[in-house]
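Peer 1: Compact mmCIF, C-alpha atoms (C1' of nucleotides), saved as run16.txt, coming up:
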# COMPACT_ATOMS: atom_id res chain seq x y z
CA MET A 28 -22.89 -25.04 72.23
CA ASP A 29 -22.13 -21.36 72.53
CA ASP A 30 -24.12 -18.62 70.88
CA HIS A 31 -21.80 -18.31 67.95
CA GLU A 32 -22.12 -21.99 67.19
CA LYS A 33 -25.89 -21.69 67.36
CA ILE A 34 -25.85 -19.00 64.72
CA ASP A 35 -23.52 -21.05 62.55
CA LYS A 36 -25.73 -24.09 62.82
CA ALA A 37 -28.78 -22.10 61.76
CA ARG A 38 -26.84 -20.72 58.81
CA GLU A 39 -25.34 -24.06 57.82
CA ARG A 40 -28.77 -25.62 57.54
CA ILE A 41 -29.80 -22.99 55.03
CA ILE A 42 -26.56 -23.14 53.10
CA GLU A 43 -26.76 -26.90 52.79
CA THR A 44 -30.36 -26.71 51.60
CA ILE A 45 -29.39 -24.23 48.93
CA ALA A 46 -26.49 -26.47 47.91
CA GLN A 47 -28.78 -29.47 47.56
CA ASN A 48 -31.27 -27.63 45.40
CA ILE A 49 -29.20 -25.40 43.18
CA HIS A 50 -29.07 -28.09 40.51
CA LEU A 51 -32.36 -26.54 39.38
CA TYR A 52 -30.24 -23.63 38.25
CA GLY A 53 -27.86 -25.98 36.51
CA LEU A 54 -25.19 -25.46 39.14
CA VAL A 55 -23.33 -27.90 41.35
CA PRO A 56 -23.66 -28.04 45.15
CA SER A 57 -20.36 -26.32 45.80
CA SER A 58 -21.57 -23.28 43.88
CA GLY A 59 -24.64 -23.34 46.05
CA ARG A 60 -22.48 -23.45 49.13
CA GLN A 61 -20.54 -20.51 47.81
CA PHE A 62 -23.74 -18.60 47.18
CA GLY A 63 -25.11 -19.46 50.61
CA THR A 64 -21.91 -18.44 52.31
CA MET A 65 -21.91 -15.10 50.54
CA PHE A 66 -25.55 -14.62 51.46
CA PHE A 67 -24.78 -14.61 55.17
CA GLN A 68 -21.86 -12.25 54.87
CA ASN A 69 -22.76 -8.66 55.32
CA GLU A 70 -19.85 -7.48 53.27
CA PRO A 71 -18.93 -8.31 49.69
CA LEU A 72 -16.28 -11.02 49.42
CA THR A 73 -13.13 -11.38 47.39
CA LEU A 74 -12.06 -14.61 45.73
CA ASP A 75 -9.50 -15.05 48.48
CA ASP A 76 -12.17 -14.67 51.14
CA MET A 77 -14.14 -17.42 49.47
CA THR A 78 -11.10 -19.65 49.16
CA GLU A 79 -10.57 -19.33 52.85
CA LYS A 80 -14.19 -19.75 53.91
CA LEU A 81 -14.88 -22.73 51.67
CA GLY A 82 -11.49 -24.37 51.67
CA MET A 83 -11.40 -24.60 47.91
CA SER A 84 -8.93 -23.45 45.32
CA LYS A 85 -9.01 -19.92 44.02
CA THR A 86 -9.44 -21.25 40.50
CA SER A 87 -12.62 -22.99 41.53
CA MET A 88 -13.91 -19.88 43.20
CA SER A 89 -13.21 -17.92 40.08
CA THR A 90 -15.03 -20.22 37.67
CA SER A 91 -17.83 -20.81 40.10
CA VAL A 92 -18.46 -17.16 40.84
CA ARG A 93 -18.59 -16.57 37.12
CA ALA A 94 -21.32 -19.18 36.73
CA LEU A 95 -23.24 -17.53 39.55
CA SER A 96 -22.80 -14.15 37.89
CA GLU A 97 -24.05 -15.38 34.54
CA LEU A 98 -27.27 -16.43 36.19
CA LYS A 99 -27.30 -13.09 38.00
CA LEU A 100 -27.37 -14.74 41.38
CA VAL A 101 -24.25 -12.83 42.29
CA GLU A 102 -22.99 -9.43 41.19
CA ARG A 103 -19.85 -7.40 41.49
CA ALA A 104 -19.59 -4.87 44.23
CA TRP A 105 -17.23 -2.01 44.84
CA LYS A 106 -15.65 -0.74 47.96
CA LYS A 107 -13.21 2.10 47.96
CA GLY A 108 -9.62 1.19 48.51
CA VAL A 109 -10.11 -2.49 47.71
CA ARG A 110 -8.31 -3.56 44.59
CA LYS A 111 -9.57 -7.12 44.48
CA ASP A 112 -12.80 -7.99 42.76
CA LEU A 113 -15.68 -8.04 45.19
CA TYR A 114 -18.86 -10.04 44.88
CA LYS A 115 -22.17 -10.06 46.70
CA VAL A 116 -25.40 -11.95 46.21
CA THR A 117 -28.01 -10.14 44.19
CA ASP A 118 -30.59 -8.84 46.59
CA ASP A 119 -33.70 -9.18 44.46
CA TRP A 120 -34.36 -12.92 44.45
CA TYR A 121 -37.62 -12.52 42.58
CA GLN A 122 -35.68 -10.93 39.77
CA SER A 123 -33.09 -13.71 39.95
CA PHE A 124 -35.79 -16.27 39.38
CA ILE A 125 -37.06 -14.29 36.41
CA ASP A 126 -33.53 -13.99 35.08
CA LEU A 127 -33.12 -17.74 35.23
CA PHE A 128 -35.92 -18.00 32.72
CA SER A 129 -34.71 -15.18 30.60
CA ILE A 130 -31.30 -16.73 30.38
CA LYS A 131 -31.66 -20.48 30.37
CA TRP A 132 -35.16 -21.13 29.13
CA GLN A 133 -35.31 -18.38 26.57
CA ARG A 134 -32.19 -19.74 24.98
CA SER A 135 -33.66 -23.21 24.86
CA VAL A 136 -36.92 -21.95 23.38
CA THR A 137 -35.07 -20.08 20.67
CA LEU A 138 -32.97 -23.09 19.74
CA HIS A 139 -36.06 -25.24 19.53
CA LEU A 140 -37.98 -22.76 17.42
CA VAL A 141 -35.10 -22.41 14.98
CA ALA A 142 -34.85 -26.17 14.56
CA ILE A 143 -38.59 -26.59 14.26
CA LYS A 144 -38.95 -23.94 11.57
CA LYS A 145 -36.12 -25.44 9.58
CA SER A 146 -37.46 -28.97 9.72
CA LEU A 147 -40.98 -27.78 9.10
CA ALA A 148 -39.90 -25.96 5.96
CA GLU A 149 -38.09 -29.03 4.69
CA LEU A 150 -41.02 -31.31 5.31
CA GLU A 151 -43.49 -28.92 3.76
CA GLU A 152 -41.39 -28.69 0.66
CA LEU A 153 -41.17 -32.46 0.52
CA PHE A 154 -44.91 -32.64 0.90
CA GLN A 155 -45.37 -30.48 -2.19
CA ASP A 156 -43.23 -32.81 -4.27
CA PRO A 157 -45.59 -34.70 -6.62
CA ALA A 158 -43.07 -37.52 -6.87
CA LEU A 159 -43.47 -38.33 -3.17
CA SER A 160 -44.95 -41.77 -2.62
CA GLU A 161 -48.40 -41.92 -1.09
CA GLU A 162 -47.04 -43.91 1.81
CA LEU A 163 -44.37 -41.38 2.71
CA ARG A 164 -46.75 -38.50 2.18
CA GLU A 165 -48.77 -39.76 5.10
CA VAL A 166 -45.67 -40.00 7.26
CA VAL A 167 -44.67 -36.47 6.34
CA GLN A 168 -48.13 -35.17 7.13
CA ILE A 169 -48.01 -36.70 10.59
CA ASP A 170 -44.57 -35.22 11.26
CA ILE A 171 -45.71 -31.82 10.09
CA ASP A 172 -48.58 -31.96 12.54
CA LYS A 173 -46.24 -32.92 15.34
CA LEU A 174 -43.89 -30.07 14.56
CA LYS A 175 -46.77 -27.62 14.45
CA TYR A 176 -47.79 -28.78 17.90
CA MET A 177 -44.23 -28.24 19.13
CA LYS A 178 -44.19 -24.82 17.55
CA ASP A 179 -47.37 -23.79 19.33
CA TYR A 180 -45.96 -25.10 22.59
CA TYR A 181 -42.67 -23.24 22.33
CA ASN A 182 -44.43 -20.08 21.28
CA TRP A 183 -46.51 -20.37 24.42
CA LEU A 184 -43.41 -20.97 26.49
CA GLU A 185 -41.84 -17.88 24.98
CA ARG A 186 -44.88 -15.84 25.97
CA VAL A 187 -44.68 -17.29 29.47
CA ILE A 188 -41.08 -16.17 29.70
CA ASP A 189 -42.06 -12.74 28.43
CA ALA A 190 -44.76 -12.55 31.07
CA PHE A 191 -42.10 -13.13 33.68
CA GLU A 192 -39.66 -10.73 32.15
CA ASP A 193 -42.03 -7.81 31.99
CA GLN A 194 -43.29 -8.44 35.50
CA GLN A 195 -46.80 -9.45 34.51
CA ILE A 196 -46.36 -12.53 36.65
CA PHE A 197 -46.77 -10.27 39.66
CA ASP A 198 -50.29 -9.44 38.54
CA LEU A 199 -51.17 -13.10 38.64
CA VAL A 200 -49.06 -13.86 41.72
CA PRO A 201 -48.31 -10.79 43.80
CA LYS A 202 -45.16 -10.76 45.89
CA PHE A 203 -47.17 -10.74 49.04
CA GLU A 204 -50.28 -12.74 49.46
CA ASP A 205 -53.39 -10.69 48.97
CA SER A 206 -55.14 -10.87 52.32
CA ASN A 207 -58.48 -10.07 50.69
CA LYS A 208 -58.15 -13.01 48.39
CA ASN A 209 -60.46 -15.23 50.36
CA ALA A 210 -62.80 -12.50 51.48
CA LYS A 211 -66.04 -11.75 49.72
CA LYS A 212 -65.89 -8.74 47.47
CA MET B 23 -30.65 -38.04 -0.62
CA ASP B 24 -33.85 -39.99 -0.96
CA ASP B 25 -37.15 -39.01 0.57
CA HIS B 26 -36.74 -41.24 3.55
CA GLU B 27 -33.40 -39.69 4.38
CA LYS B 28 -34.93 -36.25 4.10
CA ILE B 29 -37.52 -37.14 6.68
CA ASP B 30 -34.88 -38.59 8.96
CA LYS B 31 -32.75 -35.51 8.68
CA ALA B 32 -35.67 -33.27 9.62
CA ARG B 33 -36.38 -35.51 12.60
CA GLU B 34 -32.77 -35.77 13.69
CA ARG B 35 -32.45 -32.01 13.90
CA ILE B 36 -35.34 -31.89 16.34
CA ILE B 37 -34.17 -34.87 18.35
CA GLU B 38 -30.70 -33.40 18.72
CA THR B 39 -32.11 -30.05 19.82
CA ILE B 40 -34.18 -31.75 22.47
CA ALA B 41 -31.12 -33.72 23.60
CA GLN B 42 -29.09 -30.53 23.95
CA ASN B 43 -31.71 -28.79 26.03
CA ILE B 44 -33.16 -31.45 28.25
CA HIS B 45 -30.66 -30.62 30.97
CA LEU B 46 -33.26 -28.03 31.98
CA TYR B 47 -35.30 -30.98 33.12
CA GLY B 48 -32.32 -32.39 34.96
CA LEU B 49 -31.85 -35.13 32.40
CA VAL B 50 -28.87 -36.10 30.28
CA PRO B 51 -28.76 -35.79 26.48
CA SER B 52 -29.22 -39.50 25.88
CA SER B 53 -32.54 -39.36 27.70
CA GLY B 54 -33.47 -36.47 25.46
CA ARG B 55 -32.58 -38.53 22.43
CA GLN B 56 -34.73 -41.32 23.76
CA PHE B 57 -37.61 -38.95 24.27
CA GLY B 58 -37.19 -37.43 20.83
CA THR B 59 -37.03 -40.81 19.19
CA MET B 60 -40.22 -41.89 20.90
CA PHE B 61 -41.86 -38.65 19.88
CA PHE B 62 -41.54 -39.43 16.19
CA GLN B 63 -42.77 -42.99 16.53
CA ASN B 64 -46.45 -43.34 15.99
CA GLU B 65 -46.64 -46.46 18.09
CA PRO B 66 -45.62 -46.98 21.71
CA LEU B 67 -42.21 -48.57 22.09
CA THR B 68 -40.85 -51.38 24.21
CA LEU B 69 -37.49 -51.28 25.95
CA ASP B 70 -36.15 -53.60 23.29
CA ASP B 71 -37.34 -51.24 20.56
CA MET B 72 -35.45 -48.42 22.21
CA THR B 73 -32.34 -50.54 22.63
CA GLU B 74 -32.39 -51.22 18.95
CA LYS B 75 -33.18 -47.67 17.81
CA LEU B 76 -30.66 -46.00 20.08
CA GLY B 77 -27.96 -48.65 20.21
CA MET B 78 -27.80 -48.56 23.97
CA SER B 79 -28.13 -51.23 26.59
CA LYS B 80 -31.49 -52.33 27.83
CA THR B 81 -30.48 -51.41 31.36
CA SER B 82 -29.90 -47.84 30.27
CA MET B 83 -33.22 -47.71 28.52
CA SER B 84 -34.89 -48.97 31.63
CA THR B 85 -33.39 -46.44 34.02
CA SER B 86 -33.74 -43.65 31.53
CA VAL B 87 -37.37 -44.31 30.73
CA ARG B 88 -38.06 -44.30 34.42
CA ALA B 89 -36.51 -40.86 34.78
CA LEU B 90 -38.66 -39.65 31.89
CA SER B 91 -41.73 -41.18 33.50
CA GLU B 92 -41.07 -39.53 36.84
CA LEU B 93 -41.14 -36.17 35.12
CA LYS B 94 -44.24 -37.32 33.26
CA LEU B 95 -42.62 -36.76 29.91
CA VAL B 96 -43.47 -40.31 28.92
CA GLU B 97 -46.15 -42.65 30.11
CA ARG B 98 -47.01 -46.28 29.88
CA ALA B 99 -49.23 -47.44 27.09
CA TRP B 100 -51.13 -50.62 26.51
CA LYS B 101 -51.74 -52.60 23.43
CA LYS B 102 -53.62 -55.85 23.47
CA GLY B 103 -51.53 -58.94 23.03
CA VAL B 104 -48.24 -57.24 23.86
CA ARG B 105 -46.69 -58.50 27.06
CA LYS B 106 -43.77 -56.11 27.18
CA ASP B 107 -44.07 -52.74 28.80
CA LEU B 108 -44.91 -50.05 26.29
CA TYR B 109 -44.10 -46.37 26.56
CA LYS B 110 -45.15 -43.29 24.65
CA VAL B 111 -44.48 -39.60 25.08
CA THR B 112 -47.10 -37.71 27.00
CA ASP B 113 -49.13 -35.77 24.51
CA ASP B 114 -49.89 -32.69 26.57
CA TRP B 115 -46.61 -30.80 26.64
CA TYR B 116 -48.14 -27.83 28.41
CA GLN B 117 -49.05 -30.14 31.23
CA SER B 118 -45.57 -31.65 31.17
CA PHE B 119 -44.08 -28.24 31.72
CA ILE B 120 -46.44 -27.65 34.61
CA ASP B 121 -45.58 -31.06 36.03
CA LEU B 122 -41.91 -30.18 35.98
CA PHE B 123 -42.68 -27.42 38.42
CA SER B 124 -44.98 -29.49 40.51
CA ILE B 125 -42.37 -32.18 40.83
CA LYS B 126 -38.95 -30.56 40.93
CA TRP B 127 -39.54 -27.02 42.07
CA GLN B 128 -42.27 -27.75 44.58
CA ARG B 129 -39.97 -30.21 46.26
CA SER B 130 -37.22 -27.65 46.41
CA VAL B 131 -39.53 -24.98 47.79
CA THR B 132 -40.74 -27.30 50.50
CA LEU B 133 -37.21 -28.25 51.54
CA HIS B 134 -36.23 -24.60 51.71
CA LEU B 135 -39.27 -23.60 53.73
CA VAL B 136 -38.69 -26.38 56.22
CA ALA B 137 -35.09 -25.34 56.72
CA ILE B 138 -35.95 -21.67 56.93
CA LYS B 139 -38.63 -22.19 59.55
CA LYS B 140 -36.32 -24.31 61.65
CA SER B 141 -33.44 -21.84 61.54
CA LEU B 142 -35.75 -18.92 62.06
CA ALA B 143 -37.19 -20.50 65.19
CA GLU B 144 -33.72 -21.15 66.57
CA LEU B 145 -32.55 -17.63 65.91
CA GLU B 146 -35.67 -16.07 67.35
CA GLU B 147 -35.25 -18.09 70.49
CA LEU B 148 -31.65 -17.01 70.71
CA PHE B 149 -32.72 -13.43 70.22
CA GLN B 150 -35.00 -13.68 73.27
CA ASP B 151 -32.16 -14.87 75.45
CA PRO B 152 -31.21 -11.96 77.77
CA ALA B 153 -27.72 -13.40 78.12
CA LEU B 154 -26.99 -12.82 74.45
CA SER B 155 -24.24 -10.29 73.90
CA GLU B 156 -25.22 -7.01 72.28
CA GLU B 157 -22.80 -7.66 69.47
CA LEU B 158 -24.26 -11.05 68.60
CA ARG B 159 -27.79 -9.77 69.01
CA GLU B 160 -27.20 -7.50 66.06
CA VAL B 161 -25.88 -10.38 63.99
CA VAL B 162 -28.89 -12.50 64.87
CA GLN B 163 -31.25 -9.68 63.97
CA ILE B 164 -29.70 -9.35 60.53
CA ASP B 165 -29.89 -13.09 59.94
CA ILE B 166 -33.52 -13.14 61.01
CA ASP B 167 -34.30 -10.43 58.50
CA LYS B 168 -32.54 -12.36 55.77
CA LEU B 169 -34.44 -15.52 56.56
CA LYS B 170 -37.71 -13.63 56.55
CA TYR B 171 -36.90 -12.34 53.11
CA MET B 172 -36.17 -15.89 51.94
CA LYS B 173 -39.40 -17.06 53.46
CA ASP B 174 -41.40 -14.46 51.58
CA TYR B 175 -39.63 -15.39 48.39
CA TYR B 176 -40.25 -19.10 48.70
CA ASN B 177 -43.86 -18.48 49.64
CA TRP B 178 -44.20 -16.49 46.46
CA LEU B 179 -42.55 -19.26 44.49
CA GLU B 180 -44.97 -21.73 45.97
CA ARG B 181 -47.87 -19.58 44.86
CA VAL B 182 -46.37 -19.35 41.38
CA ILE B 183 -46.21 -23.12 41.25
CA ASP B 184 -49.79 -23.33 42.43
CA ALA B 185 -50.81 -20.89 39.72
CA PHE B 186 -49.30 -23.24 37.19
CA GLU B 187 -50.78 -26.33 38.75
CA ASP B 188 -54.33 -25.07 38.79
CA GLN B 189 -54.08 -23.74 35.25
CA GLN B 190 -54.32 -20.06 36.19
CA ILE B 191 -51.23 -19.49 34.10
CA PHE B 192 -53.41 -19.93 31.03
CA ASP B 193 -55.41 -16.87 32.05
CA LEU B 194 -52.24 -14.81 31.98
CA VAL B 195 -50.74 -16.59 28.98
CA PRO B 196 -53.33 -18.37 26.86
CA LYS B 197 -52.25 -21.39 24.87
CA PHE B 198 -52.86 -19.54 21.65
CA GLU B 199 -51.98 -15.96 21.19
CA ASP B 200 -54.94 -13.64 21.54
CA SER B 201 -55.27 -12.06 18.12
CA ASN B 202 -57.07 -9.04 19.59
CA LYS B 203 -54.21 -8.34 21.89
CA ASN B 204 -52.71 -5.63 19.75
CA ALA B 205 -55.95 -4.24 18.42
CA LYS B 206 -57.55 -1.20 19.94
CA LYS B 207 -60.50 -2.04 22.13
C1' DT C 11 -44.10 -78.17 38.16
C1' DT C 12 -40.64 -76.52 34.75
C1' DG C 13 -39.31 -73.49 31.15
C1' DT C 14 -39.52 -68.64 29.08
C1' DT C 15 -39.68 -63.99 28.95
C1' DT C 16 -39.16 -59.39 30.80
C1' DG C 17 -37.49 -55.67 33.74
C1' DT C 18 -34.20 -54.21 36.99
C1' DA C 19 -30.45 -54.57 40.92
C1' DC C 20 -25.89 -54.59 41.25
C1' DA C 21 -21.00 -54.48 40.34
C1' DG C 22 -17.74 -53.04 37.29
C1' DT C 23 -16.07 -49.94 33.52
C1' DA C 24 -15.96 -45.98 30.61
C1' DA C 25 -16.81 -41.23 30.11
C1' DA C 26 -17.54 -36.72 31.83
C1' DA C 27 -17.28 -33.20 35.05
C1' DA C 28 -15.44 -30.95 39.03
C1' DC C 29 -11.52 -29.46 41.14
C1' DT C 30 -6.40 -28.28 41.83
C1' DG C 31 -1.78 -26.23 40.96
C1' DT C 32 1.09 -23.91 37.99
C1' DA C 33 2.03 -20.53 34.92
C1' DC C 34 1.09 -16.37 32.97
C1' DA C 35 -1.23 -12.03 31.27
C1' DC C 36 -2.83 -7.83 32.76
C1' DA C 37 -3.13 -4.05 35.87
C1' DA C 38 -1.72 -1.22 39.55
C1' DA C 39 1.99 0.60 42.55
C1' DT C 40 6.58 2.16 43.25
C1' DA D 20 10.83 0.23 34.02
C1' DT D 21 10.43 -2.82 37.58
C1' DT D 22 8.00 -4.98 41.10
C1' DT D 23 3.88 -6.68 43.22
C1' DG D 24 -0.69 -8.32 43.21
C1' DT D 25 -4.87 -10.35 41.05
C1' DG D 26 -7.74 -13.27 38.06
C1' DT D 27 -7.92 -16.91 34.87
C1' DA D 28 -6.21 -20.40 31.02
C1' DC D 29 -4.69 -24.66 30.84
C1' DA D 30 -3.07 -29.33 31.88
C1' DG D 31 -3.40 -32.89 34.97
C1' DT D 32 -5.86 -35.36 38.73
C1' DT D 33 -9.66 -36.75 41.41
C1' DT D 34 -14.34 -37.49 41.85
C1' DT D 35 -18.71 -38.26 40.05
C1' DT D 36 -21.90 -39.82 36.81
C1' DA D 37 -23.39 -42.44 32.85
C1' DC D 38 -23.42 -46.66 30.87
C1' DT D 39 -22.77 -51.86 30.24
C1' DG D 40 -23.10 -56.90 31.21
C1' DT D 41 -24.41 -60.33 34.19
C1' DA D 42 -27.38 -62.35 37.18
C1' DC D 43 -31.67 -62.83 39.09
C1' DA D 44 -36.62 -62.10 40.66
C1' DA D 45 -41.24 -61.78 39.10
C1' DA D 46 -44.71 -62.85 35.87
C1' DC D 47 -46.47 -65.69 32.56
C1' DA D 48 -46.74 -70.09 29.57
C1' DA D 49 -46.93 -74.82 28.88
Since I need it in another form, could you write the structure as structure tokens?

Peer 2:
Amino acid sequence: MDDHEKIDKARERIIETIAQNIHLYGLVPSSGRQFGTMFFQNEPLTLDDMTEKLGMSKTSMSTSVRALSELKLVERAWKKGVRKDLYKVTDDWYQSFIDLFSIKWQRSVTLHLVAIKKSLAELEELFQDPALSEELREVVQIDIDKLKYMKDYYNWLERVIDAFEDQQIFDLVPKFEDSNKNAKK
Amino acid sequence: MDDHEKIDKARERIIETIAQNIHLYGLVPSSGRQFGTMFFQNEPLTLDDMTEKLGMSKTSMSTSVRALSELKLVERAWKKGVRKDLYKVTDDWYQSFIDLFSIKWQRSVTLHLVAIKKSLAELEELFQDPALSEELREVVQIDIDKLKYMKDYYNWLERVIDAFEDQQIFDLVPKFEDSNKNAKK
DNA sequence: TTGTTTGTACAGTAAAAACTGTACACAAAT
DNA sequence: ATTTGTGTACAGTTTTTACTGTACAAACAA
């Protein structure tokens, strides 16, 4: 194995690991491979570069790079004289992780809260109805309690996301381990 | 629309919202529907109950409830005299969220760190080799720097997960909003 | 033991998602 | 205005994943 192959092997291991884990971002392995491949290039790549390096169709590269961009794992780059679109991996991975929450989880939290408020309002109105049977009133009360629990939970989750977004998470967990952490004050 | 239908409609909205968002847990909508349905039952359910309520095969219910259990979204329950397995949704959703990280993300972090350390060791050895061409030496140096960045990132991520696991996250983001937060001290 | 009941392994099918190739709109170059 | 180059919409295909039905092993009952 020559030196170049050694480097490739070391890179491939990382790329494959990314590919196998990127489902946590809601992406498929081939997008992970694309991301990993871009990561080890020291120049931004065009769609045609990717097609060649990954042996996949240009259409796939296009849709896939868009998915990566939406999650801010990849961003456009510019280089004078190059007319094709260029892409490179975002260099702040901490921010990428935060963006994942901002984008995917925040959306989910919002959808849940909207649904919860709507259902809660309906059930509370029903609860006020004097014509409601005693039996159903109990059922409604239980559901209301459940929805209130959900509401508290999603409000918490929203505040967690906010804490990531405005960088407070780095107060709790600094980027680099505090070496004094285990020392006596 | 009678009262019972009103209740069902309020529940269905929530169940469908869960179904549409559970992909964040790596599960498919039908598992979300199963989870949501269980959530509104006040008694633990058997696989046959689920089959009936969701109109799906028992095999599906079995595999699906296992997936939900692995993520600790549901858990087994016991009721005297009932021979069938019973399942109920876990009642601490905050803990479920934390468990998601412990289970899915921790695993991913570990896999990445293993791969990174391996590749890093290989590249560092290669870098020591006096026979390495000057040109490749530069390439190796750049890759080493990239891997070190990844390593720092995944170490941070691991500490974030730990901060969730040992409940420190609740110091940063309490379960219930601190009402004094916006008041002057 | 023999007969029931319950959960799941496994093979097959149906449904969904990923991927490709063509065709075309838009932009830049001549 | 015409030609050339680039990205993507869209339809069709392949591949993957979800789901079903059967068959069976394990646990319990009689």

Peer 1: What's the 9 Å shell around Asp121 in chain B, counting all atoms listed in the file, without same-chain residues fewer than 3 positions away, as a PyMOL selection string?

Peer 2: chain B and resi 93-95+116-118+124-126+186-187

Peer 1: Identify, on the basis of only C-alpha atoms (C1' of nucleotides), every residue whose closest approach to Ile191 in chain B does not exceed 10 Å; exclude the query and any residue fewer than 4 positions from it along the same chain; express the result as a VMD selection string.

Peer 2: (chain A and resid 187 190 196 199 to 200) or (chain B and resid 120 182 to 187 195 to 197)

Peer 1: Would you compute the distance between CA of Val167 in chain A and CA of Phe154 in chain A? Give it in Å to one decimal.

Peer 2: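 Calculated distance between CA of Val167 in chain A and CA of Phe154 in chain A is 6.7 Å.
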
Peer 1: Could you list, as a PyMOL selection string, the residues of chain B having an atom within 8 Å of chain A when counting all atoms listed in the file?

Peer 2: chain B and resi 25-26+28-29+32-33+35-36+39-40+43+45-46+48+62+115-116+126-127+130+133-134+137-138+140-142+144-145+148+154+158+162+165+174-175+178+181-182+185+191+194-199

Peer 1: Would you write out those residues with C-alpha atoms, as an mmCIF file, in the frame of the given file?

Peer 2:
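Wrote it out as out08.cif, contents follow:
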data_model
loop_
_atom_site.group_PDB
_atom_site.id
_atom_site.type_symbol
_atom_site.label_atom_id
_atom_site.label_comp_id
_atom_site.auth_asym_id
_atom_site.auth_seq_id
_atom_site.Cartn_x
_atom_site.Cartn_y
_atom_site.Cartn_z
ATOM 1 C CA ASP B 25 -37.150 -39.010 0.570
ATOM 2 C CA HIS B 26 -36.740 -41.240 3.550
ATOM 3 C CA LYS B 28 -34.930 -36.250 4.100
ATOM 4 C CA ILE B 29 -37.520 -37.140 6.680
ATOM 5 C CA ALA B 32 -35.670 -33.270 9.620
ATOM 6 C CA ARG B 33 -36.380 -35.510 12.600
ATOM 7 C CA ARG B 35 -32.450 -32.010 13.900
ATOM 8 C CA ILE B 36 -35.340 -31.890 16.340
ATOM 9 C CA THR B 39 -32.110 -30.050 19.820
ATOM 10 C CA ILE B 40 -34.180 -31.750 22.470
ATOM 11 C CA ASN B 43 -31.710 -28.790 26.030
ATOM 12 C CA HIS B 45 -30.660 -30.620 30.970
ATOM 13 C CA LEU B 46 -33.260 -28.030 31.980
ATOM 14 C CA GLY B 48 -32.320 -32.390 34.960
ATOM 15 C CA PHE B 62 -41.540 -39.430 16.190
ATOM 16 C CA TRP B 115 -46.610 -30.800 26.640
ATOM 17 C CA TYR B 116 -48.140 -27.830 28.410
ATOM 18 C CA LYS B 126 -38.950 -30.560 40.930
ATOM 19 C CA TRP B 127 -39.540 -27.020 42.070
ATOM 20 C CA SER B 130 -37.220 -27.650 46.410
ATOM 21 C CA LEU B 133 -37.210 -28.250 51.540
ATOM 22 C CA HIS B 134 -36.230 -24.600 51.710
ATOM 23 C CA ALA B 137 -35.090 -25.340 56.720
ATOM 24 C CA ILE B 138 -35.950 -21.670 56.930
ATOM 25 C CA LYS B 140 -36.320 -24.310 61.650
ATOM 26 C CA SER B 141 -33.440 -21.840 61.540
ATOM 27 C CA LEU B 142 -35.750 -18.920 62.060
ATOM 28 C CA GLU B 144 -33.720 -21.150 66.570
ATOM 29 C CA LEU B 145 -32.550 -17.630 65.910
ATOM 30 C CA LEU B 148 -31.650 -17.010 70.710
ATOM 31 C CA LEU B 154 -26.990 -12.820 74.450
ATOM 32 C CA LEU B 158 -24.260 -11.050 68.600
ATOM 33 C CA VAL B 162 -28.890 -12.500 64.870
ATOM 34 C CA ASP B 165 -29.890 -13.090 59.940
ATOM 35 C CA ASP B 174 -41.400 -14.460 51.580
ATOM 36 C CA TYR B 175 -39.630 -15.390 48.390
ATOM 37 C CA TRP B 178 -44.200 -16.490 46.460
ATOM 38 C CA ARG B 181 -47.870 -19.580 44.860
ATOM 39 C CA VAL B 182 -46.370 -19.350 41.380
ATOM 40 C CA ALA B 185 -50.810 -20.890 39.720
ATOM 41 C CA ILE B 191 -51.230 -19.490 34.100
ATOM 42 C CA LEU B 194 -52.240 -14.810 31.980
ATOM 43 C CA VAL B 195 -50.740 -16.590 28.980
ATOM 44 C CA PRO B 196 -53.330 -18.370 26.860
ATOM 45 C CA LYS B 197 -52.250 -21.390 24.870
ATOM 46 C CA PHE B 198 -52.860 -19.540 21.650
ATOM 47 C CA GLU B 199 -51.980 -15.960 21.190
#

Peer 1: To one decimal in Å, tell me the separation between CA of Gln61 in chain A and CA of Lys80 in chain A.

Peer 2: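 CA of Gln61 in chain A sits 8.8 Å away from CA of Lys80 in chain A.
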
Peer 1: Restrict the distance test to all atoms listed in the file, flag each residue of chain D within 9 Å of chain B, and return the flagged residues as a ChimeraX atom specification.

Peer 2: /D:37-40

Peer 1: Please save C-alpha atoms (C1' of nucleotides) of the selected residues as a compact mmCIF listing (two decimals), in the frame of the given file.

Peer 2:
# COMPACT_ATOMS: atom_id res chain seq x y z
C1' DA D 37 -23.39 -42.44 32.85
C1' DC D 38 -23.42 -46.66 30.87
C1' DT D 39 -22.77 -51.86 30.24
C1' DG D 40 -23.10 -56.90 31.21
